[in-house]
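Data block for entry_3.csv (CSV, C-alpha atoms and all ligand atoms):
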```
chain,number,residue,atom,x,y,z
A,1,MET,CA,-38.9,82.5,-50.8
A,2,HIS,CA,-37.8,86.0,-51.6
A,3,GLY,CA,-34.8,88.1,-52.3
A,4,VAL,CA,-31.7,87.0,-54.2
A,5,GLU,CA,-32.4,83.3,-54.0
A,6,ALA,CA,-35.8,83.8,-55.7
A,7,THR,CA,-34.1,85.8,-58.5
A,8,VAL,CA,-31.4,83.1,-58.9
A,9,ARG,CA,-34.1,80.3,-59.1
A,10,ALA,CA,-36.1,82.3,-61.7
A,11,ALA,CA,-33.0,82.8,-63.8
A,12,ILE,CA,-32.1,79.1,-63.6
A,13,ALA,CA,-35.6,78.1,-64.6
A,14,GLU,CA,-35.3,80.3,-67.6
A,15,ARG,CA,-31.7,79.7,-68.7
A,16,GLY,CA,-30.4,76.6,-67.0
A,17,PRO,CA,-27.5,76.4,-64.4
A,18,LEU,CA,-25.8,79.8,-63.9
A,19,PRO,CA,-22.1,80.6,-63.7
A,20,PHE,CA,-21.0,81.2,-60.1
A,21,SER,CA,-20.0,84.7,-61.0
A,22,GLU,CA,-23.6,85.6,-61.9
A,23,VAL,CA,-24.9,84.3,-58.5
A,24,MET,CA,-22.1,86.1,-56.6
A,25,ASP,CA,-22.9,89.3,-58.5
A,26,LEU,CA,-26.6,89.1,-57.5
A,27,ALA,CA,-25.8,88.1,-53.9
A,28,LEU,CA,-23.5,91.1,-53.4
A,29,TYR,CA,-24.9,93.8,-55.7
A,30,ASP,CA,-28.6,93.1,-56.6
A,31,PRO,CA,-29.9,96.7,-56.3
A,32,ASP,CA,-32.8,95.5,-54.1
A,33,ALA,CA,-31.7,92.6,-52.1
A,34,GLY,CA,-27.9,92.3,-52.6
A,35,PHE,CA,-25.6,92.3,-49.5
A,36,TYR,CA,-24.2,95.8,-50.3
A,37,ALA,CA,-27.7,97.2,-51.2
A,38,ALA,CA,-29.0,96.0,-47.8
A,39,GLY,CA,-26.4,97.9,-45.8
A,40,GLY,CA,-23.5,95.5,-45.7
A,41,ARG,CA,-20.3,97.4,-45.4
A,42,ALA,CA,-16.8,97.7,-44.0
A,43,GLY,CA,-16.2,99.3,-40.6
A,44,ARG,CA,-16.4,98.8,-36.9
A,45,ARG,CA,-20.2,98.9,-37.1
A,46,GLY,CA,-20.1,97.0,-40.3
A,47,ASP,CA,-19.4,93.4,-41.3
A,48,PHE,CA,-15.6,93.3,-41.6
A,49,LEU,CA,-12.7,95.6,-40.8
A,50,THR,CA,-10.5,96.9,-43.5
A,51,SER,CA,-7.3,99.0,-43.3
A,52,PRO,CA,-9.0,102.4,-43.8
A,53,GLU,CA,-11.5,101.4,-41.1
A,54,VAL,CA,-8.7,100.6,-38.6
A,55,GLY,CA,-8.2,104.4,-38.1
A,56,PRO,CA,-6.8,107.4,-39.9
A,57,LEU,CA,-3.1,106.2,-40.1
A,58,PHE,CA,-3.6,104.2,-43.3
A,59,GLY,CA,-4.9,107.4,-44.9
A,60,ALA,CA,-2.0,109.5,-43.5
A,61,VAL,CA,0.5,107.1,-45.1
A,62,MET,CA,-1.3,107.2,-48.4
A,63,ALA,CA,-1.4,111.0,-48.2
A,64,GLY,CA,2.4,110.9,-48.1
A,65,ALA,CA,2.6,108.5,-51.0
A,66,LEU,CA,0.4,110.8,-53.1
A,67,ASP,CA,2.8,113.7,-52.4
A,68,THR,CA,5.7,111.5,-53.4
A,69,TRP,CA,4.0,110.6,-56.7
A,70,TRP,CA,2.8,114.2,-57.3
A,71,ARG,CA,6.4,115.5,-56.9
A,72,SER,CA,7.8,112.8,-59.1
A,73,VAL,CA,5.7,114.1,-62.0
A,74,GLY,CA,6.7,117.7,-61.4
A,75,GLU,CA,3.8,118.9,-59.1
A,76,PRO,CA,1.2,119.3,-61.8
A,77,GLU,CA,-1.7,121.7,-61.1
A,78,ARG,CA,-4.2,118.8,-61.3
A,79,LEU,CA,-3.8,115.4,-59.7
A,80,THR,CA,-6.8,113.1,-60.2
A,81,VAL,CA,-7.1,110.3,-57.7
A,82,VAL,CA,-9.8,107.7,-58.4
A,83,GLU,CA,-10.6,105.4,-55.4
A,84,ALA,CA,-12.4,102.4,-56.7
A,85,GLY,CA,-14.7,100.3,-54.4
A,86,ALA,CA,-14.6,103.2,-51.9
A,87,GLY,CA,-17.2,101.8,-49.6
A,88,PRO,CA,-18.4,104.6,-47.2
A,89,GLY,CA,-15.5,106.9,-48.2
A,90,THR,CA,-13.4,106.5,-45.0
A,91,TRP,CA,-10.0,106.3,-46.7
A,92,ALA,CA,-10.7,109.6,-48.6
A,93,ARG,CA,-11.6,111.3,-45.4
A,94,SER,CA,-8.4,110.3,-43.7
A,95,ILE,CA,-6.2,111.1,-46.7
A,96,LEU,CA,-7.6,114.6,-46.9
A,97,ALA,CA,-7.5,115.1,-43.1
A,98,ALA,CA,-3.7,114.4,-43.3
A,99,HIS,CA,-3.4,117.6,-45.4
A,100,PRO,CA,-1.1,116.3,-48.1
A,101,ALA,CA,1.0,119.0,-49.9
A,102,CYS,CA,-0.9,118.1,-53.2
A,103,ALA,CA,-4.3,118.9,-51.6
A,104,GLY,CA,-4.7,122.1,-53.7
A,105,ALA,CA,-4.2,120.0,-56.9
A,106,LEU,CA,-6.4,117.1,-55.9
A,107,ARG,CA,-9.5,116.0,-57.7
A,108,TYR,CA,-10.6,112.9,-55.6
A,109,VAL,CA,-13.2,110.6,-57.2
A,110,LEU,CA,-14.9,108.0,-55.1
A,111,VAL,CA,-16.2,105.1,-57.2
A,112,GLU,CA,-18.7,102.9,-55.4
A,113,ARG,CA,-21.2,100.5,-57.0
A,114,SER,CA,-23.6,100.4,-54.0
A,115,ALA,CA,-26.0,103.3,-53.8
A,116,ALA,CA,-26.4,102.7,-50.0
A,117,GLN,CA,-22.7,103.3,-49.6
A,118,ARG,CA,-22.5,106.2,-52.0
A,119,ALA,CA,-25.1,107.9,-49.8
A,120,LEU,CA,-22.5,107.9,-47.0
A,121,HIS,CA,-19.9,109.8,-49.1
A,122,ASP,CA,-19.0,113.2,-47.6
A,123,ARG,CA,-20.0,115.6,-50.4
A,124,SER,CA,-19.1,118.6,-48.3
A,125,LEU,CA,-15.4,117.9,-48.9
A,126,ALA,CA,-14.2,120.2,-51.7
A,127,ALA,CA,-12.6,118.3,-54.5
A,128,VAL,CA,-14.5,115.1,-53.8
A,129,GLU,CA,-16.8,113.5,-56.4
A,130,SER,CA,-18.9,110.4,-55.9
A,131,ARG,CA,-20.0,108.1,-58.7
A,132,ALA,CA,-21.1,104.5,-59.5
A,133,ASP,CA,-18.5,103.6,-62.0
A,134,LEU,CA,-15.0,104.5,-63.2
A,135,PRO,CA,-14.8,107.8,-65.0
A,136,GLU,CA,-13.8,108.0,-68.7
A,137,PRO,CA,-10.0,108.2,-69.3
A,138,GLY,CA,-8.7,111.7,-70.2
A,139,GLY,CA,-7.4,114.8,-68.5
A,140,GLY,CA,-3.9,113.7,-67.7
A,141,PRO,CA,-2.3,111.1,-65.5
A,142,CYS,CA,-4.4,109.6,-62.7
A,143,VAL,CA,-3.7,107.5,-59.6
A,144,VAL,CA,-6.2,104.7,-59.3
A,145,LEU,CA,-6.5,103.2,-55.8
A,146,ALA,CA,-8.4,100.1,-54.6
A,147,ASN,CA,-8.4,98.6,-51.2
A,148,GLU,CA,-10.1,95.2,-51.0
A,149,LEU,CA,-12.1,95.8,-54.2
A,150,LEU,CA,-10.7,93.0,-56.3
A,151,ASP,CA,-11.6,90.3,-53.8
A,152,ASN,CA,-15.2,91.4,-54.0
A,153,LEU,CA,-15.5,91.2,-57.8
A,154,PRO,CA,-17.5,88.2,-59.0
A,155,VAL,CA,-15.5,85.0,-59.8
A,156,ASP,CA,-16.3,81.9,-61.7
A,157,LEU,CA,-15.2,78.5,-60.2
A,158,ALA,CA,-13.4,75.8,-62.1
A,159,GLU,CA,-12.8,72.3,-61.0
A,160,ARG,CA,-10.2,69.9,-62.2
A,161,THR,CA,-11.9,66.6,-63.0
A,162,ALA,CA,-10.4,63.3,-64.2
A,163,ASP,CA,-11.3,64.5,-67.8
A,164,GLY,CA,-10.0,68.1,-67.6
A,165,TRP,CA,-11.4,71.4,-66.3
A,166,ALA,CA,-15.1,72.0,-65.7
A,167,ASP,CA,-17.0,75.2,-65.0
A,168,VAL,CA,-18.9,74.8,-61.6
A,169,ARG,CA,-22.4,76.2,-62.2
A,170,VAL,CA,-25.2,76.8,-59.8
A,171,ASP,CA,-28.4,74.7,-60.2
A,172,THR,CA,-31.5,74.1,-58.1
A,173,ALA,CA,-31.4,70.9,-56.0
A,174,GLY,CA,-34.9,70.6,-54.5
A,175,ASP,CA,-35.1,73.1,-51.6
A,176,THR,CA,-31.5,74.2,-51.8
A,177,LEU,CA,-29.2,75.4,-54.5
A,178,GLY,CA,-26.5,73.0,-55.7
A,179,GLU,CA,-23.7,72.7,-58.2
A,180,VAL,CA,-23.3,71.0,-61.6
A,181,ARG,CA,-20.0,70.7,-63.5
A,182,VAL,CA,-20.0,71.7,-67.2
A,183,PRO,CA,-16.8,70.8,-69.2
A,184,LEU,CA,-14.9,73.9,-70.3
A,185,ALA,CA,-13.9,74.6,-73.9
A,186,ALA,CA,-10.5,73.3,-74.9
A,187,ASP,CA,-8.8,76.8,-75.1
A,188,GLU,CA,-10.1,77.9,-71.7
A,189,ALA,CA,-9.1,74.4,-70.2
A,190,ALA,CA,-5.6,74.9,-71.7
A,191,ARG,CA,-5.3,78.4,-70.1
A,192,LEU,CA,-6.3,76.9,-66.7
A,193,ASP,CA,-3.9,74.0,-67.1
A,194,ALA,CA,-1.1,76.6,-67.6
A,195,LEU,CA,-2.2,78.5,-64.4
A,196,ALA,CA,-2.5,75.4,-62.2
A,197,PRO,CA,-0.6,72.5,-63.9
A,198,GLU,CA,-0.3,70.4,-60.7
A,199,ALA,CA,-4.0,70.6,-59.8
A,200,GLU,CA,-5.3,67.2,-58.7
A,201,PRO,CA,-8.8,65.9,-59.7
A,202,GLY,CA,-11.2,67.6,-57.2
A,203,ALA,CA,-9.1,70.8,-56.9
A,204,ARG,CA,-10.8,74.1,-57.6
A,205,ILE,CA,-9.6,77.5,-58.7
A,206,PRO,CA,-11.3,80.9,-59.1
A,207,VAL,CA,-11.5,82.4,-62.6
A,208,GLN,CA,-11.3,86.1,-62.2
A,209,MET,CA,-12.5,87.7,-65.4
A,210,ALA,CA,-14.2,90.6,-63.7
A,211,ALA,CA,-10.9,91.6,-61.9
A,212,ALA,CA,-9.1,91.3,-65.2
A,213,THR,CA,-11.6,93.6,-66.9
A,214,TRP,CA,-11.4,96.1,-64.1
A,215,LEU,CA,-7.6,96.2,-64.3
A,216,ARG,CA,-7.8,96.8,-68.1
A,217,GLN,CA,-10.1,99.8,-67.4
A,218,ALA,CA,-8.1,101.1,-64.5
A,219,LEU,CA,-4.9,101.0,-66.6
A,220,ALA,CA,-6.5,102.9,-69.4
A,221,LEU,CA,-7.8,105.4,-66.9
A,222,ALA,CA,-4.5,105.8,-65.1
A,223,GLY,CA,-2.8,106.6,-68.5
A,224,PRO,CA,0.9,107.3,-69.1
A,225,GLY,CA,2.5,108.8,-66.0
A,226,GLY,CA,-0.3,107.5,-63.8
A,227,ARG,CA,-0.5,104.4,-61.6
A,228,VAL,CA,-2.8,101.7,-60.3
A,229,VAL,CA,-2.3,100.6,-56.7
A,230,ALA,CA,-4.4,97.7,-55.3
A,231,PHE,CA,-4.3,96.4,-51.8
A,232,ASP,CA,-5.7,92.9,-51.2
A,233,TYR,CA,-5.2,89.4,-50.1
A,234,ALA,CA,-3.7,87.5,-52.9
A,235,ALA,CA,-2.0,84.3,-54.0
A,236,THR,CA,-1.2,82.5,-57.2
A,237,THR,CA,-3.8,80.3,-59.0
A,238,ALA,CA,-1.5,77.2,-58.3
A,239,GLU,CA,-1.4,78.1,-54.6
A,240,LEU,CA,-5.2,78.4,-54.5
A,241,ALA,CA,-5.6,75.0,-56.3
A,242,ALA,CA,-3.6,73.3,-53.5
A,243,ARG,CA,-5.8,74.7,-50.7
A,244,PRO,CA,-9.5,73.9,-49.8
A,245,VAL,CA,-12.0,76.3,-51.5
A,246,ALA,CA,-13.4,77.4,-48.1
A,247,GLU,CA,-10.1,78.9,-47.3
A,248,TRP,CA,-10.0,81.3,-50.2
A,249,LEU,CA,-13.7,81.8,-51.1
A,250,ARG,CA,-14.9,83.1,-47.8
A,251,THR,CA,-18.1,84.6,-46.4
A,252,TYR,CA,-18.5,87.3,-43.7
A,253,ARG,CA,-21.4,88.6,-41.7
A,254,GLY,CA,-21.4,90.9,-38.7
A,255,HIS,CA,-17.6,90.5,-38.2
A,256,ASP,CA,-17.9,86.6,-38.1
A,257,ARG,CA,-17.3,84.1,-40.8
A,258,GLY,CA,-20.5,83.2,-42.6
A,259,GLY,CA,-21.9,80.0,-44.0
A,260,PRO,CA,-21.3,78.3,-47.4
A,261,PRO,CA,-21.5,80.8,-50.3
A,262,LEU,CA,-24.7,79.5,-51.8
A,263,GLU,CA,-26.5,79.9,-48.4
A,264,ALA,CA,-28.3,83.0,-47.2
A,265,LEU,CA,-27.6,84.8,-50.6
A,266,GLY,CA,-27.6,88.5,-50.0
A,267,GLU,CA,-27.2,88.3,-46.3
A,268,GLN,CA,-23.4,87.7,-46.2
A,269,ASP,CA,-20.4,89.1,-47.9
A,270,ILE,CA,-18.6,86.7,-50.4
A,271,THR,CA,-15.0,87.4,-51.0
A,272,CYS,CA,-12.3,85.6,-53.0
A,273,GLU,CA,-8.5,85.8,-52.7
A,274,VAL,CA,-7.0,87.5,-55.7
A,275,ALA,CA,-5.1,85.4,-58.2
A,276,VAL,CA,-2.2,87.7,-58.9
A,277,ASP,CA,-1.0,85.6,-61.9
A,278,GLN,CA,-4.4,86.0,-63.6
A,279,LEU,CA,-4.0,89.8,-63.2
A,280,ALA,CA,-0.4,89.6,-64.5
A,281,GLN,CA,-1.9,88.1,-67.7
A,282,VAL,CA,-3.5,91.5,-68.3
A,283,ARG,CA,-0.2,93.3,-67.4
A,284,PRO,CA,2.4,92.2,-64.9
A,285,PRO,CA,2.7,94.7,-61.9
A,286,VAL,CA,5.9,96.7,-61.7
A,287,ARG,CA,6.1,96.0,-58.0
A,288,THR,CA,4.5,93.6,-55.6
A,289,SER,CA,5.1,94.0,-51.8
A,290,THR,CA,3.4,93.0,-48.6
A,291,GLN,CA,1.3,95.7,-47.0
A,292,ALA,CA,3.7,95.9,-44.1
A,293,ASP,CA,6.7,96.5,-46.4
A,294,TRP,CA,4.8,99.0,-48.4
A,295,LEU,CA,3.7,101.0,-45.4
A,296,VAL,CA,7.2,101.0,-44.0
A,297,ALA,CA,8.6,102.2,-47.4
A,298,HIS,CA,6.1,105.0,-47.4
A,299,GLY,CA,6.8,106.3,-43.9
A,300,ILE,CA,4.5,104.7,-41.4
A,301,GLU,CA,7.3,104.5,-38.8
A,302,ALA,CA,7.9,108.2,-38.8
A,303,LEU,CA,4.2,108.9,-38.4
A,304,VAL,CA,4.0,106.5,-35.4
A,305,ASP,CA,7.1,108.2,-33.8
A,306,GLU,CA,5.4,111.5,-34.3
A,307,GLY,CA,2.3,110.1,-32.7
A,308,ARG,CA,4.3,109.0,-29.7
A,309,ARG,CA,6.0,112.4,-29.3
A,310,ILE,CA,2.7,114.3,-29.5
A,311,TRP,CA,1.2,111.9,-27.0
A,312,GLN,CA,4.1,112.5,-24.6
A,313,GLU,CA,3.7,116.3,-25.0
A,314,ARG,CA,-0.1,116.4,-24.7
A,315,ALA,CA,-1.0,113.3,-22.5
A,316,HIS,CA,-1.6,115.7,-19.5
A,317,LEU,CA,-4.2,117.5,-21.6
A,318,GLY,CA,-5.9,114.3,-22.6
A,319,ASP,CA,-7.4,116.1,-25.6
A,320,LEU,CA,-8.5,114.6,-28.9
A,321,GLU,CA,-5.2,115.3,-30.6
A,322,ALA,CA,-3.3,113.5,-27.8
A,323,VAL,CA,-5.7,110.4,-28.0
A,324,LYS,CA,-5.5,110.4,-31.9
A,325,ALA,CA,-1.7,110.5,-31.7
A,326,ARG,CA,-1.5,107.6,-29.2
A,327,SER,CA,-3.9,105.5,-31.3
A,328,ARG,CA,-1.3,105.5,-34.2
A,329,VAL,CA,0.7,102.9,-32.2
A,330,THR,CA,-2.2,100.4,-32.0
A,331,GLU,CA,-3.3,101.2,-35.6
A,332,ALA,CA,0.2,100.5,-36.8
A,333,GLU,CA,0.2,97.1,-35.0
A,334,ALA,CA,-3.0,96.1,-36.9
A,335,LEU,CA,-1.9,97.4,-40.3
A,336,LEU,CA,1.6,95.8,-40.1
A,337,ASP,CA,0.4,92.5,-38.5
A,338,PRO,CA,2.2,89.7,-40.4
A,339,ASN,CA,-0.7,87.3,-39.7
A,340,GLY,CA,-3.3,89.9,-40.7
A,341,LEU,CA,-3.5,93.1,-42.7
A,342,GLY,CA,0.3,93.3,-42.9
A,343,SER,CA,0.4,90.2,-45.1
A,344,PHE,CA,-1.9,91.7,-47.7
A,345,GLN,CA,-0.2,92.3,-51.1
A,346,VAL,CA,0.2,95.7,-52.7
A,347,LEU,CA,0.2,95.4,-56.5
A,348,GLU,CA,1.4,98.4,-58.4
A,349,TRP,CA,1.1,99.1,-62.1
A,350,GLU,CA,2.6,102.0,-64.0
A,351,PRO,CA,1.0,102.1,-67.5
B,1,LIG,C1,-14.7,95.0,-49.3
B,1,LIG,S1,-15.4,96.5,-49.6
B,1,LIG,C2,-14.0,97.6,-49.4
B,1,LIG,C3,-14.5,99.0,-49.1
B,1,LIG,C4,-13.3,100.0,-48.8
B,1,LIG,N1,-12.4,100.1,-50.0
B,1,LIG,C5,-12.5,99.6,-47.6
B,1,LIG,O1,-11.4,99.2,-47.8
B,1,LIG,O2,-13.0,99.8,-46.5
B,1,LIG,C6,-15.6,96.5,-51.4
B,1,LIG,C7,-16.4,97.6,-52.0
B,1,LIG,O3,-16.3,97.6,-53.4
B,1,LIG,C8,-17.6,97.9,-53.9
B,1,LIG,N2,-17.6,97.5,-55.3
B,1,LIG,C9,-17.7,96.2,-55.8
B,1,LIG,N3,-17.6,96.2,-57.1
B,1,LIG,C10,-17.4,97.5,-57.5
B,1,LIG,C11,-17.2,98.1,-58.8
B,1,LIG,N4,-17.2,97.4,-59.9
B,1,LIG,N5,-17.1,99.4,-58.8
B,1,LIG,C12,-17.1,100.1,-57.7
B,1,LIG,N6,-17.3,99.6,-56.5
B,1,LIG,C13,-17.4,98.3,-56.4
B,1,LIG,C14,-18.5,97.2,-53.0
B,1,LIG,O4,-19.8,97.7,-53.1
B,1,LIG,C15,-17.9,97.5,-51.7
B,1,LIG,O5,-18.3,98.6,-51.1
```
Could you show the structure in this file as structure tokens?
Ligand SMILES: C[S@@+](CC[C@H](N)C(=O)[O-])C[C@H]1O[C@@H](n2cnc3c(N)ncnc32)[C@H](O)[C@@H]1O
Amino acid sequence: MHGVEATVRAAIAERGPLPFSEVMDLALYDPDAGFYAAGGRAGRRGDFLTSPEVGPLFGAVMAGALDTWWRSVGEPERLTVVEAGAGPGTWARSILAAHPACAGALRYVLVERSAAQRALHDRSLAAVESRADLPEPGGGPCVVLANELLDNLPVDLAERTADGWADVRVDTAGDTLGEVRVPLAADEAARLDALAPEAEPGARIPVQMAAATWLRQALALAGPGGRVVAFDYAATTAELAARPVAEWLRTYRGHDRGGPPLEALGEQDITCEVAVDQLAQVRPPVRTSTQADWLVAHGIEALVDEGRRIWQERAHLGDLEAVKARSRVTEAEALLDPNGLGSFQVLEWEP
């Protein structure tokens, strides 16, 4: 045996059953054998397709939103944008390629935990910095962006039992890894009862402490006048309690769904729908919209119309500009799809 499972087994032998979050953290981010260390990533050649990877349109809409926010605070000389969980940096490339009016003021910081993905960041772009963790707050208001970061942060799993709430921990079970339930302390059990009061015995929920901690840090970094904008698949804890775990705790590998989360540790992505009400306990968002509504509110339709016009003017040339313009139509369909990316939620905080 090797890789993440060997590390998990050694930790269990030393300390007893592990919280699920610790196993998920190792499976995704172990610097030697974790999924993201070993080349797992978003993109057409990657393991799953995200909105920035659909094409440049998502970045073009965000470029317009950044201009709106920059103007709303009086066009300051410096606008810091921190993109957290930036993956290979595709969103930043398309935002800058859309030439926003605020480009001259932009300091764009890509934050990516995986060294393999940081190596893909385009350091030739002026104004772009690349780092492993969030920068320290200071230096004025900042826009913190995150696309599909929160669903990739480690979660714990809690199960409603006949006697109350239990923490689902990972233990060895012969040749495989298994689960044990450890009763939760009364104060944590009361918190979970309030989040999912109707949960039946056997129901499970994610407990998203890492996402809550990230939000606290992001709010401090954004500062007064700044904002935090997160795009992700999301639901309430009570909604998740009413659904089978396999629906909201999913694995992906090479664009297909993977196996159970405790199998093939490090070889598949593990992702969990974001419990918006748990984030709201840190601070309620000022706005929540679907991705489709958000993109329409920030001008996607005008960009698609412009693409159609450019295509009509240049179709006879068949050059790159014409093809890029035409692709806006199909990109918009994917980004607005009510059964897909369009149904994601956009959570906005203004500290
Ligand atoms: C699902 S991918 C999304 C990548 C990109 N935002 C996109 O939409 O294509 C999540 C990324 O977040 C990174 N990540 C996870 N935890 C992180 C953290 N605490 N700080 C920075 N990056 C993190 C992962 O390594 C991974 O590249």
Residue nearest ligand LIG 1 (chain B) - candidates A:Glu14, A:Glu22, A:Glu112, A:Asp32, atoms counted: all atoms listed in the file: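 Between A:Glu14, A:Glu22, A:Glu112, A:Asp32, the residue approaching ligand LIG 1 (chain B) most closely is A:Glu112.
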Nearby polymer residues, ligand LIG 1 (chain B), at most 6 Å, only C-alpha atoms and all ligand atoms, as a short mmCIF file (atom, residue, chain, number, x, y, z; two decimals) with C-alpha atoms, keeping the file's coordinate frame:
```
data_model
loop_
_atom_site.label_atom_id
_atom_site.label_comp_id
_atom_site.auth_asym_id
_atom_site.auth_seq_id
_atom_site.Cartn_x
_atom_site.Cartn_y
_atom_site.Cartn_z
CA TYR A 36 -24.20 95.80 -50.30
CA ALA A 42 -16.80 97.70 -44.00
CA THR A 50 -10.50 96.90 -43.50
CA PRO A 52 -9.00 102.40 -43.80
CA GLU A 53 -11.50 101.40 -41.10
CA ALA A 84 -12.40 102.40 -56.70
CA GLY A 85 -14.70 100.30 -54.40
CA ALA A 86 -14.60 103.20 -51.90
CA GLY A 87 -17.20 101.80 -49.60
CA VAL A 111 -16.20 105.10 -57.20
CA GLU A 112 -18.70 102.90 -55.40
CA ARG A 113 -21.20 100.50 -57.00
CA SER A 114 -23.60 100.40 -54.00
CA ASP A 133 -18.50 103.60 -62.00
CA ASN A 147 -8.40 98.60 -51.20
CA GLU A 148 -10.10 95.20 -51.00
CA LEU A 149 -12.10 95.80 -54.20
CA ASN A 152 -15.20 91.40 -54.00
CA LEU A 153 -15.50 91.20 -57.80
#
```
Wanna dump the segment 203-295 of chain A-segment 155-162 of chain A contacts at 8 Å for me, each residue with its shortest atom pair and the distance in Å to one decimal, counting all atoms listed in the file, ordered by chain and number, as a tab-separated table?
```
residue	atom	partner	partner_atom	distance
A:Ala203	CA	A:Arg160	CA	5.5
A:Arg204	CA	A:Glu159	CA	4.3
A:Ile205	CA	A:Ala158	CA	5.4
A:Pro206	CA	A:Leu157	CA	4.7
A:Val207	CA	A:Asp156	CA	4.9
A:Gln208	CA	A:Val155	CA	5.0
A:Met209	CA	A:Val155	CA	6.9
A:Ala210	CA	A:Val155	CA	6.9
A:Cys272	CA	A:Val155	CA	7.5
```
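Considering the residues A:Val109, A:Ala292, A:Leu262, A:Val23 and counting all atoms listed in the file, Asp337 of chain A has its shortest atom-to-atom contact with A:Ala292.
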Between atom CA of Phe344 of chain A and atom CA of Leu134 of chain A, what is the distance, to one decimal in Å?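 Taking atom CA of Phe344 of chain A as the start and atom CA of Leu134 of chain A as the end point, the length is 24.0 Å.
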Of A:Glu301, A:Arg131, A:Leu106, A:Val170, the one sitting nearest Ala11 of chain A when using all atoms listed in the file is A:Val170
Can you pull out the residues contacting Gly104 of chain A? Cut-off 10 Å, using all atoms listed in the file, and skip same-chain residues under 2 positions away; I want them as number ranges by chain. A: 77-79, 99-102, 106-107, 126-127
Proximity of segment 241-345 of chain A to segment 217-237 of chain A: per-residue shortest pair, 6 Å limit, all atoms listed in the file, as CSV:
```
residue,atom,partner,partner_atom,distance
A:Glu273,CA,A:Ala234,CA,5.1
A:Val274,CA,A:Ala234,CA,4.3
A:Ala275,CA,A:Thr236,CA,5.0
A:Val276,CA,A:Thr236,CA,5.6
A:Asp277,CA,A:Thr236,CA,5.6
A:Phe344,CA,A:Tyr233,CA,4.7
A:Gln345,CA,A:Asp232,CA,5.5
```
Which residue out of A:Ala115, A:Leu145, A:Ala10, A:Leu177 has the minimum interatomic distance to Trp91 of chain A when only C-alpha atoms are used? A:Leu145
Of the listed residues A:His298, A:Arg118, A:Arg169, A:Arg216, that which approaches Arg41 of chain A most closely, counting all atoms listed in the file: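 Closest to Arg41 of chain A, using all atoms listed in the file: A:Arg118.
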Taking 5 positions as the minimum chain separation for residues in the same chain, which residues sit within 10 Å of Arg253 of chain A when counting all atoms listed in the file? Answer as an mmCIF file with C-alpha atoms, in the frame of the given file.
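Result went into selection-v3.cif, see below:
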```cif
data_model
loop_
_atom_site.group_PDB
_atom_site.id
_atom_site.type_symbol
_atom_site.label_atom_id
_atom_site.label_comp_id
_atom_site.auth_asym_id
_atom_site.auth_seq_id
_atom_site.Cartn_x
_atom_site.Cartn_y
_atom_site.Cartn_z
ATOM 1 C CA PHE A 35 -25.600 92.300 -49.500
ATOM 2 C CA GLY A 40 -23.500 95.500 -45.700
ATOM 3 C CA ARG A 41 -20.300 97.400 -45.400
ATOM 4 C CA GLY A 46 -20.100 97.000 -40.300
ATOM 5 C CA ASP A 47 -19.400 93.400 -41.300
ATOM 6 C CA PHE A 48 -15.600 93.300 -41.600
ATOM 7 C CA GLY A 258 -20.500 83.200 -42.600
ATOM 8 C CA GLY A 259 -21.900 80.000 -44.000
ATOM 9 C CA GLU A 267 -27.200 88.300 -46.300
ATOM 10 C CA GLN A 268 -23.400 87.700 -46.200
ATOM 11 C CA ASP A 269 -20.400 89.100 -47.900
ATOM 12 C CA ILE A 270 -18.600 86.700 -50.400
#
```
One decimal, in Å: what's the spacing between atom CA of Arg328 of chain A and atom CA of His316 of chain A? 17.9 Å
Could you rebuild segment 260-266 of chain A with N, CA, C and O atoms and give me the result as a compact mmCIF listing (two decimals), keeping the file's coordinate frame?
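The resulting file, out-v3.txt, is shown below:
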```txt
# COMPACT_ATOMS: atom_id res chain seq x y z
N PRO A 260 -21.72 78.57 -46.04
CA PRO A 260 -21.30 78.30 -47.40
C PRO A 260 -21.87 79.39 -48.36
O PRO A 260 -22.93 79.96 -48.10
N PRO A 261 -21.13 79.69 -49.45
CA PRO A 261 -21.50 80.80 -50.30
C PRO A 261 -22.88 80.78 -50.91
O PRO A 261 -23.47 81.82 -51.18
N LEU A 262 -23.41 79.57 -51.14
CA LEU A 262 -24.70 79.50 -51.80
C LEU A 262 -25.87 79.59 -50.75
O LEU A 262 -27.04 79.56 -51.11
N GLU A 263 -25.51 79.71 -49.49
CA GLU A 263 -26.50 79.90 -48.40
C GLU A 263 -26.75 81.34 -48.16
O GLU A 263 -25.83 82.15 -48.31
N ALA A 264 -27.94 81.68 -47.69
CA ALA A 264 -28.30 83.00 -47.20
C ALA A 264 -27.76 84.08 -48.24
O ALA A 264 -27.13 85.08 -47.88
N LEU A 265 -28.10 83.86 -49.52
CA LEU A 265 -27.60 84.80 -50.60
C LEU A 265 -28.14 86.19 -50.28
O LEU A 265 -29.32 86.40 -50.05
N GLY A 266 -27.23 87.15 -50.30
CA GLY A 266 -27.60 88.50 -50.00
C GLY A 266 -27.45 88.94 -48.58
O GLY A 266 -27.46 90.12 -48.24
```
